[in-house]
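Everything on this sheet refers to the single structure shown next.
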Number of protein chains: 4
Amino acid sequence: MSANWGKNIELSIFGESHGEAIGIIIGNLPAGLKLDYELINKEMKRRAPGQNQLSTSRVETDGYDIMSGVLNGVTTGAPLCAMIKNTSQHSKDYEELKAKMRPGHSDYPAFVKFKGYNDVRGGGMFSGRLTAPIVFAGAIAKQILKDKGIEIGAHILSIHNVLDDHFGIEPEFYALRDQLYPVINKDIFKDMEECIVEAKKKGDSVGGKIECAITGVPAGIGAPFFDSLESHLATLLWSIPAVKSVSFGDLDDITLLNGSEANDAYYYDQETVKTKTNHNGGVLGGISNGMPIVFTVGIKPTASISIPQDTVDVRNKTNTTLKIGGRHDPCIVPRAVVVVEAMAALGILDMLK
Amino acid sequence: MSANWGKNIELSIFGESHGEAIGIIIGNLPAGLKLDYELINKEMKRRAPGQNQLSTSRVETDGYDIMSGVLNGVTTGAPLCAMIKNTSQHSKDYEELKAKMRPGHSDYPAFVKFKGYNDVRGGGMFSGRLTAPIVFAGAIAKQILKDKGIEIGAHILSIHNVLDDHFGIEPEFYALRDQLYPVINKDIFKDMEECIVEAKKKGDSVGGKIECAITGVPAGIGAPFFDSLESHLATLLWSIPAVKSVSFGDLDDITLLNGSEANDAYYYDQETVKTKTNHNGGVLGGISNGMPIVFTVGIKPTASISIPQDTVDVRNKTNTTLKIGGRHDPCIVPRAVVVVEAMAALGILDMLK
Amino acid sequence: MSANWGKNIELSIFGESHGEAIGIIIGNLPAGLKLDYELINKEMKRRAPGQNQLSTSRVETDGYDIMSGVLNGVTTGAPLCAMIKNTSQHSKDYEELKAKMRPGHSDYPAFVKFKGYNDVRGGGMFSGRLTAPIVFAGAIAKQILKDKGIEIGAHILSIHNVLDDHFGIEPEFYALRDQLYPVINKDIFKDMEECIVEAKKKGDSVGGKIECAITGVPAGIGAPFFDSLESHLATLLWSIPAVKSVSFGDLDDITLLNGSEANDAYYYDQETVKTKTNHNGGVLGGISNGMPIVFTVGIKPTASISIPQDTVDVRNKTNTTLKIGGRHDPCIVPRAVVVVEAMAALGILDMLK
Amino acid sequence: MSANWGKNIELSIFGESHGEAIGIIIGNLPAGLKLDYELINKEMKRRAPGQNQLSTSRVETDGYDIMSGVLNGVTTGAPLCAMIKNTSQHSKDYEELKAKMRPGHSDYPAFVKFKGYNDVRGGGMFSGRLTAPIVFAGAIAKQILKDKGIEIGAHILSIHNVLDDHFGIEPEFYALRDQLYPVINKDIFKDMEECIVEAKKKGDSVGGKIECAITGVPAGIGAPFFDSLESHLATLLWSIPAVKSVSFGDLDDITLLNGSEANDAYYYDQETVKTKTNHNGGVLGGISNGMPIVFTVGIKPTASISIPQDTVDVRNKTNTTLKIGGRHDPCIVPRAVVVVEAMAALGILDMLK
């Protein structure tokens, strides 16, 4: 597994679901930053499971310990290592999972890549739990960005076929922040909830989309050819488990427009150049144009379902059927909102420095 | 502009549309490869404009000179530098373009980033012409991959709202290879053509989607967390001008499925583990699972249109209207097919080494 | 501070001398490696201080905890995080050190870079203690290399002006391995010891050189122009605190030879191409030639001395004098031998993959 | 061969001695820089051979063409590609060189690495000629640095056993700049010249050392652990052919000092913190301390000599003797001075951005 990322801000992530701990090292942080623990804790809580019927029943407190890089609450400039102990794992029998490959999961490619030595308990290094340290790092990135006038917000754009509204031309995050699982059209959330509960009843799962906006990014960030703003963010977004699509712009599908519609017309708002629409999501030629960066991430339905599935047994080299027990998260989209925001924050911070 | 890319295979790209030349350096190529010039030339031709009424009338022969790395047609192991002289550029007046920012183009963010010093003639460093060296490099990558049993093919999945079929579970490239602009459902291409011609008549443009498949990639390629197969390819795909979305899988939208449908069931085909469907596009947990890698790239409608557009004059800091003259490519999707294939080839090659 | 390194094997290091813990993440390790804990422990002990009168009296047990990447003693392919708790630190008053910059230490440049926020206790992130996780990682690298027939050994080439012999044309490590502080000419070590004790008595310190050899590296490793074997190793060697010089070859100074002496003549030893001398240290044109890789690292005298020194007080912006209390390591060269070996192992492993 | 380097400023180099051309791409250059062609030309001339009896008789005009990145003499922000056509090569028979490995040259490791496909004519990709594009890039880096108050100078510290003085505590470059081959003690150069001519007469060669200083670098540049200033520069310095050692500091060997001598005492010079000596070469803990960066590079005697040498014939797998014809550069140290300066400039520029 590749642990390291970043040209300026450096990330290195470690951990397996049922190992000793998971965690992250953040290198090249500025010294002298007084950490906003309230923000960190709030963000960690947004990701944590077990908060209501929509998510897995595993309770993760996600209490973190900072092992380095902070003295008296202020960054020292040394790499900040944050660690989250694994406490809640059940030592149930994972023998079946070493043989029967769960469809839609990483089991089989991991079995091949790691020659059967990977820790399959709880998904091992592929566990969604590894997004907890990302959210921790993202909270710090958000704090640094906020001081530069850059803010990040995201909402559930869809659960299955239940659709929220898109961000408007000037995304507002205020209303999103009082919602555990933010949507723009608050009326729609109960339909989303229903859709999730429905899937859960059947032992099935649903996916959805998350729309994220970054406001306050000055024009001129990102560089063609190989360091476009989109490339930079996409690398991080595709590190999030279950992400299957990324698109930039404030529409469902810009390819259905004509050029005359897709081209965002410029105008001067006082001294500032703005566009009347933001179908290009604040990026042109790989460079920010000063408008909000807007993108959408598609997340597939949770692979863990309790409906029996056809699969293979790699130990016996036979075809077989698998029924996964336990209670699963029927939709990870709500909890993934803060993860997407974290990746956006880290990606932009890395480009700004 | 960022020129360099790659951990194993190294790319470095240069050039501006109306400068002396464009080109590419490819580092870490294996020595002893007898170049397949026929393949290179065929691929270069697939990208070249001016071949029919669908594309810009600028004739680019795209004749390349190899400046290093090849002796008697065989790679030496030194970086291969290929150069394409710029010959056909018109030295028309570009003063207006330095002041009036074309909507949907990189003009304004580039103006900010490069403080007005970027070469605006023909789009400068943002010109689609820079994809020619990519196609050159991609042809070499394809040749190397073919020797490893890996093949790459792509087709136009849609032009505006005209849709081609998706690849089947076992993508076949043979039929695509005799088509300049490949589609699976050959009947549909005349509708696509019509759609493009229609847009052209109005001085407008259309976009579309390209579906690409890579067959023969063994299971186990790609690594979580930060070097997922998707992240690796996405970086390159988002270096292609006008790309606005990337999604993995053989469907339009996997988020509309339930988990029980999205999970590709495994079975043994003799000794080989396969999946019955390929909705995950051959990647799970960031690692290839042995099935064809399938992804779709969305390309926005060409920003160059001849319909007058509202914009700003950054010299006078006023609002204004711009009418772009000349003949534009009303749809770059057909010519972008080979570019997407090239990026896929380069991305996979970089991961394989 | 920059935490991350590596193209193939990935390292990320964290910690400060008096923080909670120090540690390292090692990414992209092969799965299925049964860790040789005996080797790890032996290597850790070689680096640990407090073993005799030659080193600092701080006792560091350097007990490590493996937080991830290992299951039942076997690597899983996930990043391996090893952590060493900081236990022995004295919470003495470090206020003086925040104001008075110790000459020869990183205090002043760190004060500027980190704006006074860096943790000065025990040297903070600059502490030699951070070489403990490097030695841990190096032990694993050595184990992997040994399976490929590659071995690494080093000895104290000099302490101050007391000189050991150079490695011969075929370096032998066997005899070195039973020595805590290895030298080739065993008679010389008591002179070295005397030299160190002499310095210690005066409250002063001495430096020296370490010669390292790597045997079994096949010809063809390393690549011109920018990834020469020397560049690759030098990056790591210059991450070791107090290293001031690196030279390749089995001589003190190859620039004093004529070309006819410096050119190592080739001959066939059965089927194998060898050189009669190894003045180029097994590297030509940035690529290994199959002979042992031999290089020497120069380490300056320990900056911590108890003799009063002229310096500045950055709080009062005045000139002042500083007398550093406590017992210092009068020569870190002996303990640095295993650190140099570790870096050599990590550097070669990163190039081999 | 690895072509690419750089985190901020990006370099990519190509070419072989007797191929079509050599050149370099420089990415991420600032836009709006009016190139100082006089400086570039002067620097190129300093490196060019054939200027007097001390160097090879091959006349290289090293006229460069800029293919991109510059418009009307001003950088556009696009990658700058500079190309130097190869014109003067003799198409003499190189068959012998493909079989008989020249001692001290890269021939044998390159033969193994590139399986015999590398271009051996004139040294191919290993030719010292590839330093010409480096000098070109270095001249631009120097120009940018000069605007930031940073200057770079170097001199021949030794030829064989003939020694120049070291830089003083405040290196002065003015006097060096009127010398084609700069030395501080001008009386010594005729001894150096004599030493070179003597070697030449015998068909032999000599090496030497180059001392380089960088003034005006502010305190705080470079970062522990893995991006120390020394590591950053060393990577580039070890890309220069024939470099065998690098040491930091203004002494021949800091390991011969006691700590009380090696520690550079601080004092306030008005508001500025300075050191009374600069034995640490302006770097402590991997970070600049505001004093001049001073380092020395050791260059081995030219491998090309006309004295017969023992070697192997890899075609016949036999031992043999080789006599290299032609006129060789008996000492490349004088011409390497500007190359070392160029690498220093590029390394510092990459860290500053």
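Ligands are numbered from 1 in the order shown, residues from 1 within each chain, and chains are lettered A, B, ... in the order they appear in the structure tokens.
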Env of Met125 of chain B: 7 Å cut, atoms = only C-alpha atoms, seq-sep filter 6 positions within chain, self excluded. Answer as a PDB file with C-alpha atoms, in the first residue's frame.
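Here's the written file around.pdb:
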```pdb
ATOM      1  CA  GLY B  15       5.394  23.758 -26.688  1.00  0.00           C
ATOM      2  CA  GLU B  16       2.930  26.419 -27.599  1.00  0.00           C
ATOM      3  CA  SER B  17       0.593  26.425 -30.566  1.00  0.00           C
TER       4      SER B  17
ATOM      5  CA  ALA D  78       5.085  27.634 -20.602  1.00  0.00           C
TER       6      ALA D  78
END
```
Which polymer residues have any atom within 9 Å of an atom of segment 232-239 of chain C, counting only C-alpha atoms, with same-chain residues fewer than 4 positions away left out, as a PDB file with N, CA, C and O atoms, in the first residue's frame?
```pdb
ATOM      1  N   TRP C   5       9.761  10.346   2.013  1.00  0.00           N
ATOM      2  CA  TRP C   5      10.816  10.036   1.060  1.00  0.00           C
ATOM      3  C   TRP C   5      10.494   8.746   0.329  1.00  0.00           C
ATOM      4  O   TRP C   5       9.884   7.854   0.903  1.00  0.00           O
ATOM      5  N   GLY C 222      20.702   2.026 -10.849  1.00  0.00           N
ATOM      6  CA  GLY C 222      20.941   3.474 -10.891  1.00  0.00           C
ATOM      7  C   GLY C 222      20.776   3.953 -12.316  1.00  0.00           C
ATOM      8  O   GLY C 222      20.940   3.178 -13.258  1.00  0.00           O
ATOM      9  N   PHE C 226      19.361  12.052 -13.648  1.00  0.00           N
ATOM     10  CA  PHE C 226      18.954  12.606 -12.360  1.00  0.00           C
ATOM     11  C   PHE C 226      18.665  11.541 -11.319  1.00  0.00           C
ATOM     12  O   PHE C 226      18.154  11.846 -10.263  1.00  0.00           O
ATOM     13  N   ASP C 227      18.923  10.301 -11.627  1.00  0.00           N
ATOM     14  CA  ASP C 227      18.690   9.288 -10.601  1.00  0.00           C
ATOM     15  C   ASP C 227      19.898   8.372 -10.474  1.00  0.00           C
ATOM     16  O   ASP C 227      19.781   7.154 -10.382  1.00  0.00           O
ATOM     17  N   SER C 228      21.060   9.014 -10.457  1.00  0.00           N
ATOM     18  CA  SER C 228      22.294   8.255 -10.298  1.00  0.00           C
ATOM     19  C   SER C 228      22.275   7.553  -8.946  1.00  0.00           C
ATOM     20  O   SER C 228      21.652   8.020  -7.993  1.00  0.00           O
ATOM     21  N   VAL C 243      26.132  14.839   9.259  1.00  0.00           N
ATOM     22  CA  VAL C 243      26.910  14.427   8.082  1.00  0.00           C
ATOM     23  C   VAL C 243      27.321  15.670   7.290  1.00  0.00           C
ATOM     24  O   VAL C 243      26.501  16.525   6.993  1.00  0.00           O
ATOM     25  N   LYS C 244      28.612  15.783   7.005  1.00  0.00           N
ATOM     26  CA  LYS C 244      29.101  16.957   6.251  1.00  0.00           C
ATOM     27  C   LYS C 244      29.737  16.580   4.920  1.00  0.00           C
ATOM     28  O   LYS C 244      30.015  17.460   4.112  1.00  0.00           O
ATOM     29  N   SER C 245      30.037  15.306   4.696  1.00  0.00           N
ATOM     30  CA  SER C 245      30.628  14.930   3.411  1.00  0.00           C
ATOM     31  C   SER C 245      30.274  13.504   3.047  1.00  0.00           C
ATOM     32  O   SER C 245      30.039  12.666   3.926  1.00  0.00           O
ATOM     33  N   VAL C 246      30.207  13.259   1.763  1.00  0.00           N
ATOM     34  CA  VAL C 246      29.985  11.923   1.226  1.00  0.00           C
ATOM     35  C   VAL C 246      30.911  11.754   0.030  1.00  0.00           C
ATOM     36  O   VAL C 246      31.001  12.660  -0.809  1.00  0.00           O
ATOM     37  N   VAL C 297      31.380   8.494   4.641  1.00  0.00           N
ATOM     38  CA  VAL C 297      30.570   9.599   5.148  1.00  0.00           C
ATOM     39  C   VAL C 297      31.367  10.311   6.235  1.00  0.00           C
ATOM     40  O   VAL C 297      31.882   9.650   7.143  1.00  0.00           O
ATOM     41  N   VAL C 339      23.449   3.567  11.538  1.00  0.00           N
ATOM     42  CA  VAL C 339      22.530   4.480  10.851  1.00  0.00           C
ATOM     43  C   VAL C 339      22.934   4.604   9.383  1.00  0.00           C
ATOM     44  O   VAL C 339      22.079   4.580   8.481  1.00  0.00           O
ATOM     45  N   VAL C 340      24.230   4.720   9.138  1.00  0.00           N
ATOM     46  CA  VAL C 340      24.721   4.784   7.755  1.00  0.00           C
ATOM     47  C   VAL C 340      24.360   3.499   7.014  1.00  0.00           C
ATOM     48  O   VAL C 340      23.868   3.537   5.872  1.00  0.00           O
ATOM     49  N   MET C 343      20.632   3.582   6.098  1.00  0.00           N
ATOM     50  CA  MET C 343      20.332   4.454   4.961  1.00  0.00           C
ATOM     51  C   MET C 343      20.784   3.795   3.660  1.00  0.00           C
ATOM     52  O   MET C 343      20.098   3.886   2.633  1.00  0.00           O
ATOM     53  N   ALA C 344      21.938   3.148   3.694  1.00  0.00           N
ATOM     54  CA  ALA C 344      22.423   2.457   2.501  1.00  0.00           C
ATOM     55  C   ALA C 344      21.429   1.374   2.086  1.00  0.00           C
ATOM     56  O   ALA C 344      21.090   1.227   0.905  1.00  0.00           O
ATOM     57  N   LEU C 346      18.182   1.173   2.780  1.00  0.00           N
ATOM     58  CA  LEU C 346      16.927   1.761   2.296  1.00  0.00           C
ATOM     59  C   LEU C 346      17.101   2.336   0.900  1.00  0.00           C
ATOM     60  O   LEU C 346      16.233   2.202   0.037  1.00  0.00           O
ATOM     61  N   GLY C 347      18.227   2.985   0.670  1.00  0.00           N
ATOM     62  CA  GLY C 347      18.481   3.591  -0.636  1.00  0.00           C
ATOM     63  C   GLY C 347      18.584   2.554  -1.737  1.00  0.00           C
ATOM     64  O   GLY C 347      18.006   2.713  -2.820  1.00  0.00           O
ATOM     65  N   ILE C 348      19.309   1.474  -1.467  1.00  0.00           N
ATOM     66  CA  ILE C 348      19.452   0.425  -2.484  1.00  0.00           C
ATOM     67  C   ILE C 348      18.116  -0.281  -2.715  1.00  0.00           C
ATOM     68  O   ILE C 348      17.720  -0.536  -3.853  1.00  0.00           O
ATOM     69  N   ASP C 350      15.156   0.906  -2.425  1.00  0.00           N
ATOM     70  CA  ASP C 350      14.276   1.772  -3.214  1.00  0.00           C
ATOM     71  C   ASP C 350      14.632   1.724  -4.706  1.00  0.00           C
ATOM     72  O   ASP C 350      13.766   1.881  -5.562  1.00  0.00           O
ATOM     73  N   MET C 351      15.906   1.541  -5.025  1.00  0.00           N
ATOM     74  CA  MET C 351      16.327   1.503  -6.427  1.00  0.00           C
ATOM     75  C   MET C 351      16.071   0.140  -7.062  1.00  0.00           C
ATOM     76  O   MET C 351      15.909   0.047  -8.267  1.00  0.00           O
TER      77      MET C 351
ATOM     78  N   PRO D 224      14.636  19.611   7.482  1.00  0.00           N
ATOM     79  CA  PRO D 224      14.816  18.236   7.899  1.00  0.00           C
ATOM     80  C   PRO D 224      13.489  17.501   7.658  1.00  0.00           C
ATOM     81  O   PRO D 224      12.454  18.168   7.529  1.00  0.00           O
ATOM     82  N   PHE D 225      13.380  16.213   7.633  1.00  0.00           N
ATOM     83  CA  PHE D 225      14.439  15.254   7.711  1.00  0.00           C
ATOM     84  C   PHE D 225      14.963  14.921   6.325  1.00  0.00           C
ATOM     85  O   PHE D 225      16.155  14.780   6.106  1.00  0.00           O
ATOM     86  N   PHE D 226      14.007  14.816   5.371  1.00  0.00           N
ATOM     87  CA  PHE D 226      14.370  14.269   4.064  1.00  0.00           C
ATOM     88  C   PHE D 226      14.539  15.333   2.993  1.00  0.00           C
ATOM     89  O   PHE D 226      14.654  15.000   1.826  1.00  0.00           O
ATOM     90  N   ASP D 227      14.471  16.589   3.340  1.00  0.00           N
ATOM     91  CA  ASP D 227      14.696  17.603   2.316  1.00  0.00           C
ATOM     92  C   ASP D 227      15.709  18.628   2.805  1.00  0.00           C
ATOM     93  O   ASP D 227      15.518  19.841   2.654  1.00  0.00           O
ATOM     94  N   SER D 228      16.784  18.108   3.387  1.00  0.00           N
ATOM     95  CA  SER D 228      17.843  18.990   3.854  1.00  0.00           C
ATOM     96  C   SER D 228      18.444  19.731   2.659  1.00  0.00           C
ATOM     97  O   SER D 228      18.421  19.241   1.531  1.00  0.00           O
ATOM     98  N   LEU D 229      18.946  20.910   2.920  1.00  0.00           N
ATOM     99  CA  LEU D 229      19.591  21.686   1.866  1.00  0.00           C
ATOM    100  C   LEU D 229      20.705  20.873   1.209  1.00  0.00           C
ATOM    101  O   LEU D 229      20.867  20.889  -0.014  1.00  0.00           O
ATOM    102  N   GLU D 230      21.439  20.139   2.025  1.00  0.00           N
ATOM    103  CA  GLU D 230      22.523  19.330   1.466  1.00  0.00           C
ATOM    104  C   GLU D 230      21.980  18.230   0.555  1.00  0.00           C
ATOM    105  O   GLU D 230      22.507  18.008  -0.546  1.00  0.00           O
ATOM    106  N   SER D 231      20.938  17.548   0.995  1.00  0.00           N
ATOM    107  CA  SER D 231      20.355  16.485   0.165  1.00  0.00           C
ATOM    108  C   SER D 231      19.887  17.053  -1.162  1.00  0.00           C
ATOM    109  O   SER D 231      20.099  16.459  -2.218  1.00  0.00           O
ATOM    110  N   HIS D 232      19.243  18.197  -1.070  1.00  0.00           N
ATOM    111  CA  HIS D 232      18.671  18.805  -2.272  1.00  0.00           C
ATOM    112  C   HIS D 232      19.766  19.151  -3.279  1.00  0.00           C
ATOM    113  O   HIS D 232      19.642  18.841  -4.465  1.00  0.00           O
ATOM    114  N   LEU D 233      20.835  19.765  -2.817  1.00  0.00           N
ATOM    115  CA  LEU D 233      21.927  20.112  -3.733  1.00  0.00           C
ATOM    116  C   LEU D 233      22.694  18.871  -4.179  1.00  0.00           C
ATOM    117  O   LEU D 233      23.104  18.761  -5.337  1.00  0.00           O
ATOM    118  N   ALA D 234      22.882  17.919  -3.248  1.00  0.00           N
ATOM    119  CA  ALA D 234      23.716  16.763  -3.572  1.00  0.00           C
ATOM    120  C   ALA D 234      23.129  15.956  -4.724  1.00  0.00           C
ATOM    121  O   ALA D 234      23.856  15.439  -5.565  1.00  0.00           O
ATOM    122  N   THR D 235      21.804  15.863  -4.759  1.00  0.00           N
ATOM    123  CA  THR D 235      21.154  15.129  -5.848  1.00  0.00           C
ATOM    124  C   THR D 235      21.582  15.680  -7.200  1.00  0.00           C
ATOM    125  O   THR D 235      21.895  14.933  -8.129  1.00  0.00           O
ATOM    126  N   TRP D 238      25.498  15.247  -7.879  1.00  0.00           N
ATOM    127  CA  TRP D 238      25.876  13.895  -8.283  1.00  0.00           C
ATOM    128  C   TRP D 238      25.262  13.476  -9.615  1.00  0.00           C
ATOM    129  O   TRP D 238      25.363  12.330 -10.019  1.00  0.00           O
ATOM    130  N   GLY D 285      21.609  21.511  10.602  1.00  0.00           N
ATOM    131  CA  GLY D 285      20.341  20.777  10.701  1.00  0.00           C
ATOM    132  C   GLY D 285      19.594  20.720   9.382  1.00  0.00           C
ATOM    133  O   GLY D 285      18.374  20.595   9.359  1.00  0.00           O
ATOM    134  N   GLY D 286      20.339  20.852   8.276  1.00  0.00           N
ATOM    135  CA  GLY D 286      19.712  20.786   6.953  1.00  0.00           C
ATOM    136  C   GLY D 286      19.106  22.096   6.491  1.00  0.00           C
ATOM    137  O   GLY D 286      18.513  22.171   5.423  1.00  0.00           O
TER     138      GLY D 286
END
```
- Please return as a ChimeraX atom specification: the residues of segment 33-218 of chain C that backbone DSSP assigns to strand (DSSP E or B). /C:34,64-68,70-71,74-75,80-85,100,151-159,162-163,206,208-215
- Message: Can you tell me, as a ChimeraX atom specification, which residues in segment 45-272 of chain A count as helix (DSSP H, G or I) by DSSP?
- Response: /A:45-47,95-99,107-113,121-126,128-147,174-178,186-201,229-237,254-256,259-262
Contact residues (chain A, partner chain D, 10 Å, only C-alpha atoms) as a PDB file with N, CA, C and O atoms, in the first residue's frame:
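The file below, selection.pdb, is the result:
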```
ATOM      1  N   LYS A   7       3.120  17.269  -2.557  1.00  0.00           N
ATOM      2  CA  LYS A   7       4.327  17.969  -2.969  1.00  0.00           C
ATOM      3  C   LYS A   7       4.751  18.978  -1.913  1.00  0.00           C
ATOM      4  O   LYS A   7       5.912  19.206  -1.680  1.00  0.00           O
ATOM      5  N   ASN A   8       3.779  19.606  -1.286  1.00  0.00           N
ATOM      6  CA  ASN A   8       4.082  20.635  -0.289  1.00  0.00           C
ATOM      7  C   ASN A   8       3.648  20.143   1.089  1.00  0.00           C
ATOM      8  O   ASN A   8       4.482  19.782   1.899  1.00  0.00           O
ATOM      9  N   ASN A  28       5.436  19.163   6.720  1.00  0.00           N
ATOM     10  CA  ASN A  28       5.504  20.519   6.158  1.00  0.00           C
ATOM     11  C   ASN A  28       4.360  21.421   6.589  1.00  0.00           C
ATOM     12  O   ASN A  28       4.017  22.374   5.871  1.00  0.00           O
ATOM     13  N   GLY A  77       6.081  22.739  13.647  1.00  0.00           N
ATOM     14  CA  GLY A  77       6.740  22.645  12.352  1.00  0.00           C
ATOM     15  C   GLY A  77       7.280  21.248  12.090  1.00  0.00           C
ATOM     16  O   GLY A  77       7.649  20.918  10.967  1.00  0.00           O
ATOM     17  N   ALA A  78       7.329  20.422  13.120  1.00  0.00           N
ATOM     18  CA  ALA A  78       7.696  19.012  12.942  1.00  0.00           C
ATOM     19  C   ALA A  78       6.473  18.261  12.414  1.00  0.00           C
ATOM     20  O   ALA A  78       5.341  18.704  12.612  1.00  0.00           O
ATOM     21  N   PRO A  79       6.698  17.127  11.743  1.00  0.00           N
ATOM     22  CA  PRO A  79       5.556  16.354  11.260  1.00  0.00           C
ATOM     23  C   PRO A  79       4.596  16.057  12.398  1.00  0.00           C
ATOM     24  O   PRO A  79       5.020  15.656  13.482  1.00  0.00           O
ATOM     25  N   ALA A 223      -1.941  24.245 -12.510  1.00  0.00           N
ATOM     26  CA  ALA A 223      -1.056  24.496 -13.651  1.00  0.00           C
ATOM     27  C   ALA A 223      -1.226  23.418 -14.707  1.00  0.00           C
ATOM     28  O   ALA A 223      -1.206  22.237 -14.393  1.00  0.00           O
ATOM     29  N   PRO A 224      -1.438  23.843 -15.963  1.00  0.00           N
ATOM     30  CA  PRO A 224      -1.315  22.853 -17.019  1.00  0.00           C
ATOM     31  C   PRO A 224       0.150  22.437 -17.089  1.00  0.00           C
ATOM     32  O   PRO A 224       0.995  23.172 -16.587  1.00  0.00           O
ATOM     33  N   PHE A 225       0.517  21.354 -17.657  1.00  0.00           N
ATOM     34  CA  PHE A 225      -0.235  20.335 -18.299  1.00  0.00           C
ATOM     35  C   PHE A 225      -0.572  19.229 -17.302  1.00  0.00           C
ATOM     36  O   PHE A 225      -1.679  18.731 -17.255  1.00  0.00           O
ATOM     37  N   LYS A 353       0.421  26.321  -1.322  1.00  0.00           N
ATOM     38  CA  LYS A 353       1.705  26.607  -0.664  1.00  0.00           C
ATOM     39  C   LYS A 353       2.789  26.953  -1.673  1.00  0.00           C
ATOM     40  O   LYS A 353       2.910  26.312  -2.689  1.00  0.00           O
TER      41      LYS A 353
END
```
- Query: Suppose you want the space between atom CA of Leu352 of chain D and atom CA of Asn41 of chain D; what is it in Å?
  - Reply: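 Distance between the two atoms: 25.0 Å.
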If we count only C-alpha atoms, what is near Ile150 of chain A at a cut-off of 6 Å, once residues fewer than 2 positions away on the same chain are taken out, given as a PDB file with N, CA and C atoms, in the first residue's frame?
```
ATOM      1  N   LEU A 145      -6.842  27.147   5.719  1.00  0.00           N
ATOM      2  CA  LEU A 145      -7.471  27.777   4.560  1.00  0.00           C
ATOM      3  C   LEU A 145      -8.404  28.905   4.975  1.00  0.00           C
ATOM      4  N   LYS A 146      -9.113  28.697   6.074  1.00  0.00           N
ATOM      5  CA  LYS A 146     -10.064  29.713   6.533  1.00  0.00           C
ATOM      6  C   LYS A 146      -9.342  31.038   6.781  1.00  0.00           C
ATOM      7  N   LYS A 148      -7.037  32.118   5.150  1.00  0.00           N
ATOM      8  CA  LYS A 148      -6.742  32.707   3.840  1.00  0.00           C
ATOM      9  C   LYS A 148      -8.032  33.057   3.101  1.00  0.00           C
ATOM     10  N   THR A 215     -14.960  27.948  -1.806  1.00  0.00           N
ATOM     11  CA  THR A 215     -15.065  29.369  -2.142  1.00  0.00           C
ATOM     12  C   THR A 215     -13.812  30.126  -1.691  1.00  0.00           C
ATOM     13  N   GLY A 216     -13.526  31.198  -2.367  1.00  0.00           N
ATOM     14  CA  GLY A 216     -12.409  32.051  -1.961  1.00  0.00           C
ATOM     15  C   GLY A 216     -11.071  31.673  -2.567  1.00  0.00           C
ATOM     16  N   VAL A 217     -11.044  30.656  -3.438  1.00  0.00           N
ATOM     17  CA  VAL A 217      -9.785  30.305  -4.109  1.00  0.00           C
ATOM     18  C   VAL A 217      -9.491  31.387  -5.146  1.00  0.00           C
TER      19      VAL A 217
END
```
- State, in Å with one decimal place, the distance from atom CA of Lys113 of chain A to atom CA of Thr87 of chain A.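 We find that atom CA of Lys113 of chain A and atom CA of Thr87 of chain A lie 27.8 Å from each other.
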